[in-house]
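Data file: work_20.cif. Format and content: mmCIF, C-alpha atoms.
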```cif
data_start
#
loop_
_atom_site.label_atom_id
_atom_site.label_comp_id
_atom_site.auth_asym_id
_atom_site.auth_seq_id
_atom_site.Cartn_x
_atom_site.Cartn_y
_atom_site.Cartn_z
CA MET C 286 83.00 116.16 125.20
CA LYS C 287 81.32 115.29 121.92
CA GLU C 288 83.64 115.00 118.93
CA LEU C 289 82.95 115.39 115.23
CA CYS C 290 85.58 113.64 113.11
CA ILE C 291 85.51 114.87 109.51
CA TYR C 292 87.16 112.46 107.06
CA LEU C 293 88.60 113.97 103.89
CA GLU C 294 90.96 113.32 101.02
CA PRO C 295 94.47 114.68 101.73
CA ASP C 296 94.21 117.88 99.67
CA LEU C 297 90.73 118.63 100.97
CA ARG C 298 91.92 118.01 104.52
CA LYS C 299 94.69 120.58 104.09
CA SER C 300 92.17 123.08 102.78
CA ALA C 301 89.81 122.43 105.69
CA GLU C 302 92.55 122.69 108.31
CA ALA C 303 93.62 126.02 106.79
CA GLY C 304 90.04 127.30 107.03
CA ALA C 305 89.94 127.69 103.25
CA HIS C 306 86.87 125.58 102.47
CA ASN C 307 83.64 127.54 102.86
CA PHE C 308 81.22 124.64 103.36
CA ILE C 309 83.44 122.80 105.83
CA ASN C 310 83.93 126.07 107.72
CA LEU C 311 80.16 126.34 108.03
CA VAL C 312 79.89 122.73 109.23
CA ARG C 313 82.56 123.37 111.85
CA ASP C 314 80.81 126.52 113.05
CA VAL C 315 77.51 124.65 113.42
CA ALA C 316 79.14 121.78 115.31
CA GLU C 317 81.22 123.99 117.62
CA LYS C 318 78.16 126.05 118.50
CA SER C 319 76.67 122.81 119.84
CA LEU C 320 79.86 122.11 121.84
CA PHE C 321 81.45 119.57 119.53
CA ARG C 322 85.21 119.35 119.22
CA VAL C 323 85.88 119.18 115.47
CA THR C 324 88.88 117.25 114.14
CA PHE C 325 90.00 116.40 110.60
CA HIS C 326 91.24 113.01 109.44
CA ASP C 327 92.22 111.15 106.29
CA GLN C 328 89.80 108.73 104.66
CA PRO C 329 88.44 106.15 105.27
CA ALA C 330 86.18 106.89 108.21
CA VAL C 331 86.38 104.64 111.27
CA LYS C 332 83.89 104.02 114.04
CA GLY C 333 84.54 105.93 117.23
CA ASN C 334 83.14 105.71 120.73
CA ALA C 335 79.74 106.70 122.06
CA SER C 336 80.55 110.42 121.95
CA THR C 337 82.14 110.42 118.47
CA TYR C 338 80.27 111.42 115.32
CA THR C 339 81.70 111.17 111.80
CA LEU C 340 81.18 113.09 108.59
CA SER C 341 82.78 111.62 105.45
CA HIS C 342 83.34 113.27 102.10
CA MET C 343 81.78 111.11 99.39
CA SER C 344 82.71 107.82 101.08
CA ALA C 345 80.59 105.42 103.10
CA PRO C 346 80.31 106.49 106.74
CA PRO C 347 80.14 104.15 109.75
CA ALA C 348 76.63 102.86 110.38
CA GLU C 349 76.42 104.45 113.82
CA ARG C 350 76.58 108.26 114.16
CA GLY C 351 78.06 108.57 110.68
CA LEU C 352 76.95 110.79 107.80
CA VAL C 353 78.31 111.59 104.36
CA PHE C 354 78.50 114.92 102.54
CA ARG C 355 79.10 115.68 98.90
CA ARG C 356 78.66 118.45 96.41
CA ALA C 357 75.29 118.45 94.64
CA TYR C 358 76.90 118.50 91.18
CA HIS C 359 78.17 122.09 91.34
CA TYR C 360 79.39 124.55 93.95
CA PRO C 361 78.04 125.96 96.21
CA PHE C 362 75.33 123.29 96.55
CA TRP C 363 75.79 120.43 99.03
CA GLN C 364 73.98 117.49 100.57
CA ILE C 365 74.37 115.76 103.93
CA GLU C 366 72.99 112.24 104.02
CA ALA C 367 73.29 108.86 105.72
CA THR C 368 74.36 106.91 102.62
CA THR C 369 76.45 107.38 99.51
CA GLU C 370 73.62 105.93 97.38
CA ARG C 371 72.08 109.05 95.93
CA TRP C 372 68.85 107.33 94.88
CA ARG C 373 68.14 106.81 98.60
CA TRP C 374 68.60 110.46 99.53
CA ASP C 375 65.74 112.58 100.84
CA VAL C 376 65.58 114.64 97.66
CA ALA C 377 65.27 111.46 95.58
CA LYS C 378 62.23 110.45 97.61
CA ALA C 379 60.66 113.91 97.62
CA ARG C 380 57.85 114.79 95.22
CA PHE C 381 58.42 117.51 92.67
CA ASP C 382 55.25 119.30 91.59
CA PRO C 383 55.84 121.16 88.30
CA ALA C 384 52.61 123.10 88.82
CA ILE C 385 54.12 124.97 91.75
CA HIS C 386 55.77 128.11 90.43
CA HIS C 387 58.44 129.91 92.42
CA PRO C 388 58.80 133.54 91.31
CA ASP C 389 62.59 133.31 91.31
CA ALA C 390 62.84 130.05 89.33
CA LYS C 391 63.29 131.51 85.85
CA ARG C 392 65.90 134.06 86.94
CA PHE C 393 67.75 131.41 88.98
CA TYR C 394 67.77 128.96 86.08
CA SER C 395 69.00 131.57 83.59
CA TYR C 396 71.74 132.68 85.96
CA TRP C 397 73.07 129.15 86.35
CA GLN C 398 72.77 128.38 82.65
CA ASN C 399 75.10 131.28 81.97
CA ARG C 400 77.31 130.70 85.02
CA LEU C 401 78.00 127.06 84.13
CA PHE C 402 77.87 126.96 80.35
CA GLY C 403 77.88 130.50 79.04
CA ALA C 404 76.04 131.33 75.83
CA ALA C 405 76.01 127.68 74.70
CA ALA C 406 73.16 126.73 77.04
CA GLY C 407 70.90 129.43 75.63
CA GLN C 408 71.72 128.49 72.04
CA ALA C 409 70.90 124.79 72.20
CA THR C 410 69.54 122.98 69.15
CA LYS C 411 68.21 119.51 68.48
CA ASP C 412 70.25 118.09 65.63
CA GLY C 413 68.69 114.64 65.46
CA TYR C 414 70.92 112.36 67.55
CA ILE C 415 71.06 110.68 70.97
CA TYR C 416 73.88 111.53 73.35
CA VAL C 417 74.99 108.70 75.68
CA PRO C 418 77.50 109.79 78.35
CA LEU C 419 79.16 106.67 79.71
CA GLN C 420 80.48 106.04 83.18
CA GLY C 421 82.40 102.94 84.32
CA LYS C 422 81.89 99.16 84.30
CA LEU C 423 80.45 99.03 80.77
CA THR C 424 79.65 95.31 80.78
CA ALA C 425 78.36 95.00 84.36
CA HIS C 426 74.68 95.12 85.30
CA ARG C 427 74.73 96.59 88.79
CA SER C 428 71.88 96.53 91.30
CA PHE C 429 70.81 100.14 90.70
CA GLN C 430 70.75 99.72 86.92
CA ARG C 431 68.09 98.29 84.61
CA CYS C 432 70.77 96.79 82.38
CA SER C 433 74.49 97.12 81.68
CA PRO C 434 75.78 100.24 79.89
CA ILE C 435 76.61 98.20 76.78
CA GLU C 436 73.06 96.86 76.74
CA MET C 437 71.79 100.41 77.20
CA ILE C 438 73.59 101.45 74.02
CA GLU C 439 72.06 98.48 72.21
CA HIS C 440 68.63 99.64 73.35
CA CYS C 441 69.37 103.10 71.92
CA LEU C 442 70.21 101.53 68.57
CA ARG C 443 67.12 99.32 68.60
CA HIS C 444 64.53 101.76 69.93
CA GLY C 445 65.87 105.22 69.13
CA GLY C 446 64.52 105.21 65.59
CA ALA C 447 66.85 106.38 62.84
CA ARG C 448 68.74 108.73 65.15
CA PRO C 449 72.52 108.39 65.27
CA VAL C 450 73.87 107.48 68.70
CA VAL C 451 76.99 109.16 70.08
CA ALA C 452 78.42 107.28 73.06
CA CYS C 453 81.11 109.18 74.97
CA LEU C 454 83.61 107.57 77.29
CA HIS C 455 84.28 109.43 80.52
CA PRO C 456 87.69 111.10 80.32
CA ASN C 457 88.49 110.26 83.96
CA GLU C 458 87.48 106.59 83.83
CA THR C 459 89.85 103.70 83.16
CA TYR C 460 88.31 101.06 80.89
CA SER C 461 89.43 97.47 80.54
CA ALA C 462 90.45 95.94 77.24
CA ALA C 463 87.31 93.76 77.38
CA GLU C 464 85.07 96.80 77.80
CA LEU C 465 86.66 98.67 74.90
CA THR C 466 86.50 95.55 72.72
CA ALA C 467 82.78 95.17 73.44
CA LEU C 468 82.24 98.79 72.47
CA ASP C 469 84.32 98.43 69.31
CA GLU C 470 82.40 95.33 68.27
CA LEU C 471 79.11 97.11 68.80
CA SER C 472 80.15 100.13 66.75
CA GLY C 473 81.46 97.81 64.06
CA ARG C 474 78.01 96.25 63.70
CA HIS C 475 76.09 99.54 63.77
CA SER C 476 77.13 102.39 61.51
CA GLN C 477 74.82 104.80 63.34
CA LEU C 478 76.90 104.42 66.51
CA SER C 479 79.99 106.56 67.01
CA VAL C 480 82.26 106.54 70.06
CA GLU C 481 84.13 109.54 71.45
CA THR C 482 85.73 110.65 74.71
CA GLY C 483 84.45 113.69 76.59
CA ASN C 484 82.86 116.55 74.60
CA MET C 485 79.94 116.79 77.03
CA GLU C 486 79.02 120.43 76.47
CA GLN C 487 79.17 120.10 72.70
CA HIS C 488 76.76 117.18 72.71
CA LEU C 489 74.43 118.66 75.30
CA GLN C 490 74.12 121.69 73.08
CA HIS C 491 73.21 119.70 69.97
CA CYS C 492 71.65 116.34 70.90
CA ASP C 493 67.91 115.61 70.96
CA PHE C 494 68.01 114.01 74.41
CA VAL C 495 70.36 112.25 76.81
CA VAL C 496 70.38 108.54 77.59
CA SER C 497 72.35 107.49 80.65
CA GLN C 498 72.42 105.23 83.65
CA ASN C 499 72.77 108.09 86.15
CA SER C 500 75.54 110.32 84.83
CA ALA C 501 75.82 113.89 86.10
CA ALA C 502 75.89 114.82 82.40
CA ALA C 503 72.14 114.13 82.33
CA PHE C 504 71.65 116.70 85.10
CA ALA C 505 73.84 119.13 83.15
CA GLY C 506 71.56 118.52 80.18
CA TYR C 507 68.71 120.16 82.06
CA PHE C 508 70.50 123.51 81.64
CA PHE C 509 70.40 123.00 77.87
CA GLY C 510 66.73 122.03 77.93
CA LYS C 511 67.55 118.42 77.07
CA PRO C 512 65.30 115.64 78.42
CA ALA C 513 66.91 112.57 79.97
CA LEU C 514 66.09 108.87 79.70
CA LEU C 515 67.62 107.11 82.71
CA PHE C 516 68.46 103.41 82.97
CA GLY C 517 69.67 103.75 86.56
CA LYS C 518 68.55 105.19 89.87
CA ILE C 519 69.70 108.66 90.95
CA ASP C 520 68.58 111.70 92.95
CA PHE C 521 67.65 113.97 89.99
CA HIS C 522 65.19 111.55 88.40
CA HIS C 523 61.97 113.53 88.90
CA ILE C 524 61.70 115.13 85.45
CA ALA C 525 63.56 112.36 83.62
CA VAL C 526 61.93 109.42 81.84
CA ALA C 527 62.59 106.15 83.65
CA ALA C 528 63.48 103.42 81.18
CA ASP C 529 60.85 100.68 81.13
CA ILE C 530 62.64 97.60 79.83
CA ALA C 531 59.34 95.99 78.84
CA HIS C 532 58.21 99.02 76.83
CA LEU C 533 61.38 100.72 75.66
CA SER C 534 59.92 102.11 72.44
CA ASP C 535 57.47 104.07 74.59
CA SER C 536 60.30 105.21 76.85
CA PHE C 537 62.35 106.54 73.95
CA HIS C 538 59.33 108.28 72.47
CA ALA C 539 58.57 109.88 75.82
CA ALA C 540 62.15 111.17 76.11
CA ALA C 541 62.14 112.52 72.56
CA THR C 542 58.94 114.48 73.14
CA ALA C 543 59.36 115.48 76.81
CA GLN C 544 59.11 119.16 77.73
CA PRO C 545 59.60 119.28 81.49
CA ALA C 546 59.75 122.47 83.53
CA PHE C 547 63.53 122.64 83.65
CA ASP C 548 63.67 126.02 85.37
CA ARG C 549 61.23 125.08 88.12
CA TYR C 550 62.98 121.78 88.68
CA VAL C 551 66.50 123.15 88.95
CA HIS C 552 65.29 125.77 91.43
CA TRP C 553 63.39 123.15 93.44
CA PHE C 554 66.31 120.72 93.45
CA TRP C 555 69.06 123.16 94.38
CA GLN C 556 67.43 125.99 96.30
CA GLN C 557 64.77 124.03 98.14
CA ASN C 558 66.38 120.61 98.61
CA CYS C 559 70.12 121.28 98.89
CA ILE C 560 72.34 123.41 101.09
CA ASN C 561 73.44 126.52 99.24
CA ALA C 562 76.66 127.40 101.04
CA GLY C 563 76.48 130.92 99.63
CA LYS C 564 73.17 131.79 101.30
CA LEU C 565 72.65 133.30 104.74
CA ASP C 566 70.54 130.33 105.82
CA ALA C 567 73.30 127.78 105.08
CA LYS C 568 74.18 127.16 108.74
CA GLY C 569 70.52 126.67 109.60
CA ARG C 570 70.15 124.14 106.79
CA ILE C 571 73.28 122.28 107.91
CA ALA C 572 71.94 122.14 111.46
CA SER C 573 68.60 120.86 110.15
CA ARG C 574 70.30 118.05 108.25
CA PHE C 575 72.20 116.94 111.34
CA GLN C 576 68.99 117.09 113.38
CA ARG C 577 67.24 115.06 110.69
CA PHE C 578 69.54 112.16 111.57
CA GLY C 579 69.24 112.56 115.33
CA TRP C 580 72.46 114.41 116.05
CA PRO C 581 72.50 116.64 119.19
CA ILE C 582 72.74 119.91 117.28
CA GLU C 583 71.09 123.15 118.37
#
```

Will you turn the file into structure tokens for me?
Amino acid sequence: MKELCIYLEPDLRKSAEAGAHNFINLVRDVAEKSLFRVTFHDQPAVKGNASTYTLSHMSAPPAERGLVFRRAYHYPFWQIEATTERWRWDVAKARFDPAIHHPDAKRFYSYWQNRLFGAAAGQATKDGYIYVPLQGKLTAHRSFQRCSPIEMIEHCLRHGGARPVVACLHPNETYSAAELTALDELSGRHSQLSVETGNMEQHLQHCDFVVSQNSAAAFAGYFFGKPALLFGKIDFHHIAVAADIAHLSDSFHAAATAQPAFDRYVHWFWQQNCINAGKLDAKGRIASRFQRFGWPIE
């Protein structure tokens, strides 16, 4: 018999085993309909035999018959993919055409603006500064990045004009003493740079635009009508400005003046390219994703 081993963090595993997680319930239904025996396990995922398939939550799956699933930034939207590298996902490679108008896009966008951020999203202003949400590894230049995060802040100071720059540490990250020292030294040399922790919604409401490697805060900025300038690869890049290290002044100008179709994009990204676990077609979309990667799913 075919087996689907789903690998989860301990609390999520308890929820799944109790039947209390909607998306995992849908996955199990789809798999059992195709005569899989579904079992739950703790991370990390391990390679099974020829009849074993694995689905891992947010962690790298085995190369053979292994897939990963993760939330697409907010519930109830999900993705099933073959890699944890979001810039290699199908949606990242898909082409978004802003000229294509879906009749439900504006209503959908307004609903999620209010659902996620309340009145603040509809009352956004541009108060003349750049918001830089930071992630981890501030001094490292990783393969998916155009430069290190510290260098990215320096580029904001050099190419962002007279705009103040507000760099915000991630409240759930742990930073080394060397990283914090590098940030302190940079702010000591540049009076227009201030450093905070958190405060994402406040700054999305009031900044001119967002500069990030690939922080989810930049995606959240779309709900406030805030353009993004990205120094890293990610799946929601289509309406963002990609930083061109050789022509950064042009990149910053493009971000400052960008007016993308936020409503059309959010609808395209979530409703057309993710699995909405709250919709009636969710099981069909889950089955299609498994079939996309060659799994024997009806």

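The space separating CA of Asn558 in chain C from CA of Glu458 in chain C comes to 29.3 Å.
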
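CA of Lys332 in chain C to CA of Arg298 in chain C spans 18.7 Å [interatomic distance, one decimal].
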
For range 480-494 of chain C: contacts at 6 Å, only C-alpha atoms, fewer than 3 positions along chain excluded, given as an NGL selection string: :C and (409-416 or 451-456 or 506 or 511-513)

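The result of the PyMOL selection byres ((chain C and resi 583) around 7) on the shown file is Ser319, Pro581 and Ile582 of chain C.
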
Picked residues, the PyMOL selection byres ((chain C and resi 287-294) around 12), as a ChimeraX atom specification: /C:286,295-302,306,309-310,312-347,350-355,575,580-582

Between CA of Phe521 in chain C and CA of Ser461 in chain C - distance in Å to one decimal: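 Between CA of Ser461 in chain C and CA of Phe521 in chain C the gap works out to 28.9 Å.
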
Closest of C:Gly563, C:Lys518, C:Tyr360, C:Arg574 to Arg400 in chain C - atom-to-atom distances counting only C-alpha atoms: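 That would be C:Tyr360, the residue with the smallest distance to Arg400 in chain C.
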
Spatial neighbours of range 430-444 of chain C, max dist 9 Å, only C-alpha atoms, sep filter under 4 positions, as a PyMOL selection string: chain C and resi 415+417+419-426+448-450+452+464+467-468+471+475+477-478+496-499+516-518+528-530+533-538

Go ahead and dump the residues you just picked, C-alpha atoms, as an mmCIF file, in the frame of the given file.
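Output below, filename selection.cif:
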```
data_model
loop_
_atom_site.group_PDB
_atom_site.id
_atom_site.type_symbol
_atom_site.label_atom_id
_atom_site.label_comp_id
_atom_site.auth_asym_id
_atom_site.auth_seq_id
_atom_site.Cartn_x
_atom_site.Cartn_y
_atom_site.Cartn_z
ATOM 1 C CA ILE C 415 71.060 110.680 70.970
ATOM 2 C CA VAL C 417 74.990 108.700 75.680
ATOM 3 C CA LEU C 419 79.160 106.670 79.710
ATOM 4 C CA GLN C 420 80.480 106.040 83.180
ATOM 5 C CA GLY C 421 82.400 102.940 84.320
ATOM 6 C CA LYS C 422 81.890 99.160 84.300
ATOM 7 C CA LEU C 423 80.450 99.030 80.770
ATOM 8 C CA THR C 424 79.650 95.310 80.780
ATOM 9 C CA ALA C 425 78.360 95.000 84.360
ATOM 10 C CA HIS C 426 74.680 95.120 85.300
ATOM 11 C CA ARG C 448 68.740 108.730 65.150
ATOM 12 C CA PRO C 449 72.520 108.390 65.270
ATOM 13 C CA VAL C 450 73.870 107.480 68.700
ATOM 14 C CA ALA C 452 78.420 107.280 73.060
ATOM 15 C CA GLU C 464 85.070 96.800 77.800
ATOM 16 C CA ALA C 467 82.780 95.170 73.440
ATOM 17 C CA LEU C 468 82.240 98.790 72.470
ATOM 18 C CA LEU C 471 79.110 97.110 68.800
ATOM 19 C CA HIS C 475 76.090 99.540 63.770
ATOM 20 C CA GLN C 477 74.820 104.800 63.340
ATOM 21 C CA LEU C 478 76.900 104.420 66.510
ATOM 22 C CA VAL C 496 70.380 108.540 77.590
ATOM 23 C CA SER C 497 72.350 107.490 80.650
ATOM 24 C CA GLN C 498 72.420 105.230 83.650
ATOM 25 C CA ASN C 499 72.770 108.090 86.150
ATOM 26 C CA PHE C 516 68.460 103.410 82.970
ATOM 27 C CA GLY C 517 69.670 103.750 86.560
ATOM 28 C CA LYS C 518 68.550 105.190 89.870
ATOM 29 C CA ALA C 528 63.480 103.420 81.180
ATOM 30 C CA ASP C 529 60.850 100.680 81.130
ATOM 31 C CA ILE C 530 62.640 97.600 79.830
ATOM 32 C CA LEU C 533 61.380 100.720 75.660
ATOM 33 C CA SER C 534 59.920 102.110 72.440
ATOM 34 C CA ASP C 535 57.470 104.070 74.590
ATOM 35 C CA SER C 536 60.300 105.210 76.850
ATOM 36 C CA PHE C 537 62.350 106.540 73.950
ATOM 37 C CA HIS C 538 59.330 108.280 72.470
#
```

Hits of the PyMOL selection byres ((chain C and resi 362) around 10) in this structure, as JSON, numbers by chain: {"C": [308, 355, 356, 357, 358, 359, 360, 361, 363, 364, 554, 555, 556, 558, 559, 560, 561, 562, 563, 564, 567]}

Pick from C:Ala540, C:Asn399, C:Asn457, C:Ala463 nearest to Gly445 in chain C, counting all atoms listed in the file: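 For Gly445 in chain C, the nearest of the candidates is C:Ala540.
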
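Closest to Gly403 in chain C among C:Ile365, C:Gly304, C:Ala531, C:Phe509 is C:Phe509, based on all atoms listed in the file.
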
Selection: 10 Å around Trp397 in chain C, only C-alpha atoms, excl. self and same-chain fewer than 6 positions, as a list in words: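 Answer for this query is Gly403, Ala406, Phe508, Asp548, Val551 and His552 of chain C.
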
Mind writing the picked residues with C-alpha atoms as a compact mmCIF listing (two decimals), in the frame of the given file?
```txt
# COMPACT_ATOMS: atom_id res chain seq x y z
CA GLY C 403 77.88 130.50 79.04
CA ALA C 406 73.16 126.73 77.04
CA PHE C 508 70.50 123.51 81.64
CA ASP C 548 63.67 126.02 85.37
CA VAL C 551 66.50 123.15 88.95
CA HIS C 552 65.29 125.77 91.43
```

Please, which residues in range 526-574 of chain C fall within 9 Å of range 384-389 of chain C when counting only C-alpha atoms, and what is the closest atom pair and distance in Å to one decimal for each, ordered by chain then residue number, as JSON lines?
```
{"residue": "C:Ala546", "atom": "CA", "partner": "C:Ala384", "partner_atom": "CA", "distance": 8.9}
{"residue": "C:Arg549", "atom": "CA", "partner": "C:His386", "partner_atom": "CA", "distance": 6.7}
{"residue": "C:His552", "atom": "CA", "partner": "C:Asp389", "partner_atom": "CA", "distance": 8.0}
{"residue": "C:Trp553", "atom": "CA", "partner": "C:His387", "partner_atom": "CA", "distance": 8.4}
```

Atoms to include: C-alpha atoms. Write the selected residues as a PDB file, in the frame of the given file.
```pdb
ATOM      1  CA  ALA C 546      59.750 122.470  83.530  1.00  0.00           C
ATOM      2  CA  ARG C 549      61.230 125.080  88.120  1.00  0.00           C
ATOM      3  CA  HIS C 552      65.290 125.770  91.430  1.00  0.00           C
ATOM      4  CA  TRP C 553      63.390 123.150  93.440  1.00  0.00           C
TER       5      TRP C 553
END
```

Distance criterion (all atoms listed in the file): nearest to Ser428 in chain C out of C:Asp375, C:Asp520, C:Glu470, C:Glu370: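 Smallest separation from Ser428 in chain C among the options: C:Glu370.
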
Distance query Arg380 in chain C at most 8 Å, all atoms listed in the file, self and fewer than 2 positions along chain excluded, as a list in words: Lys378, Asp382 and His523 of chain C

C:Ala447, C:Ala379, C:Ala502, C:Leu565 ranked by distance to Ser476 in chain C, top pick (using all atoms listed in the file):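 Of C:Ala447, C:Ala379, C:Ala502, C:Leu565, the one nearest Ser476 in chain C is C:Ala447, counting all atoms listed in the file.
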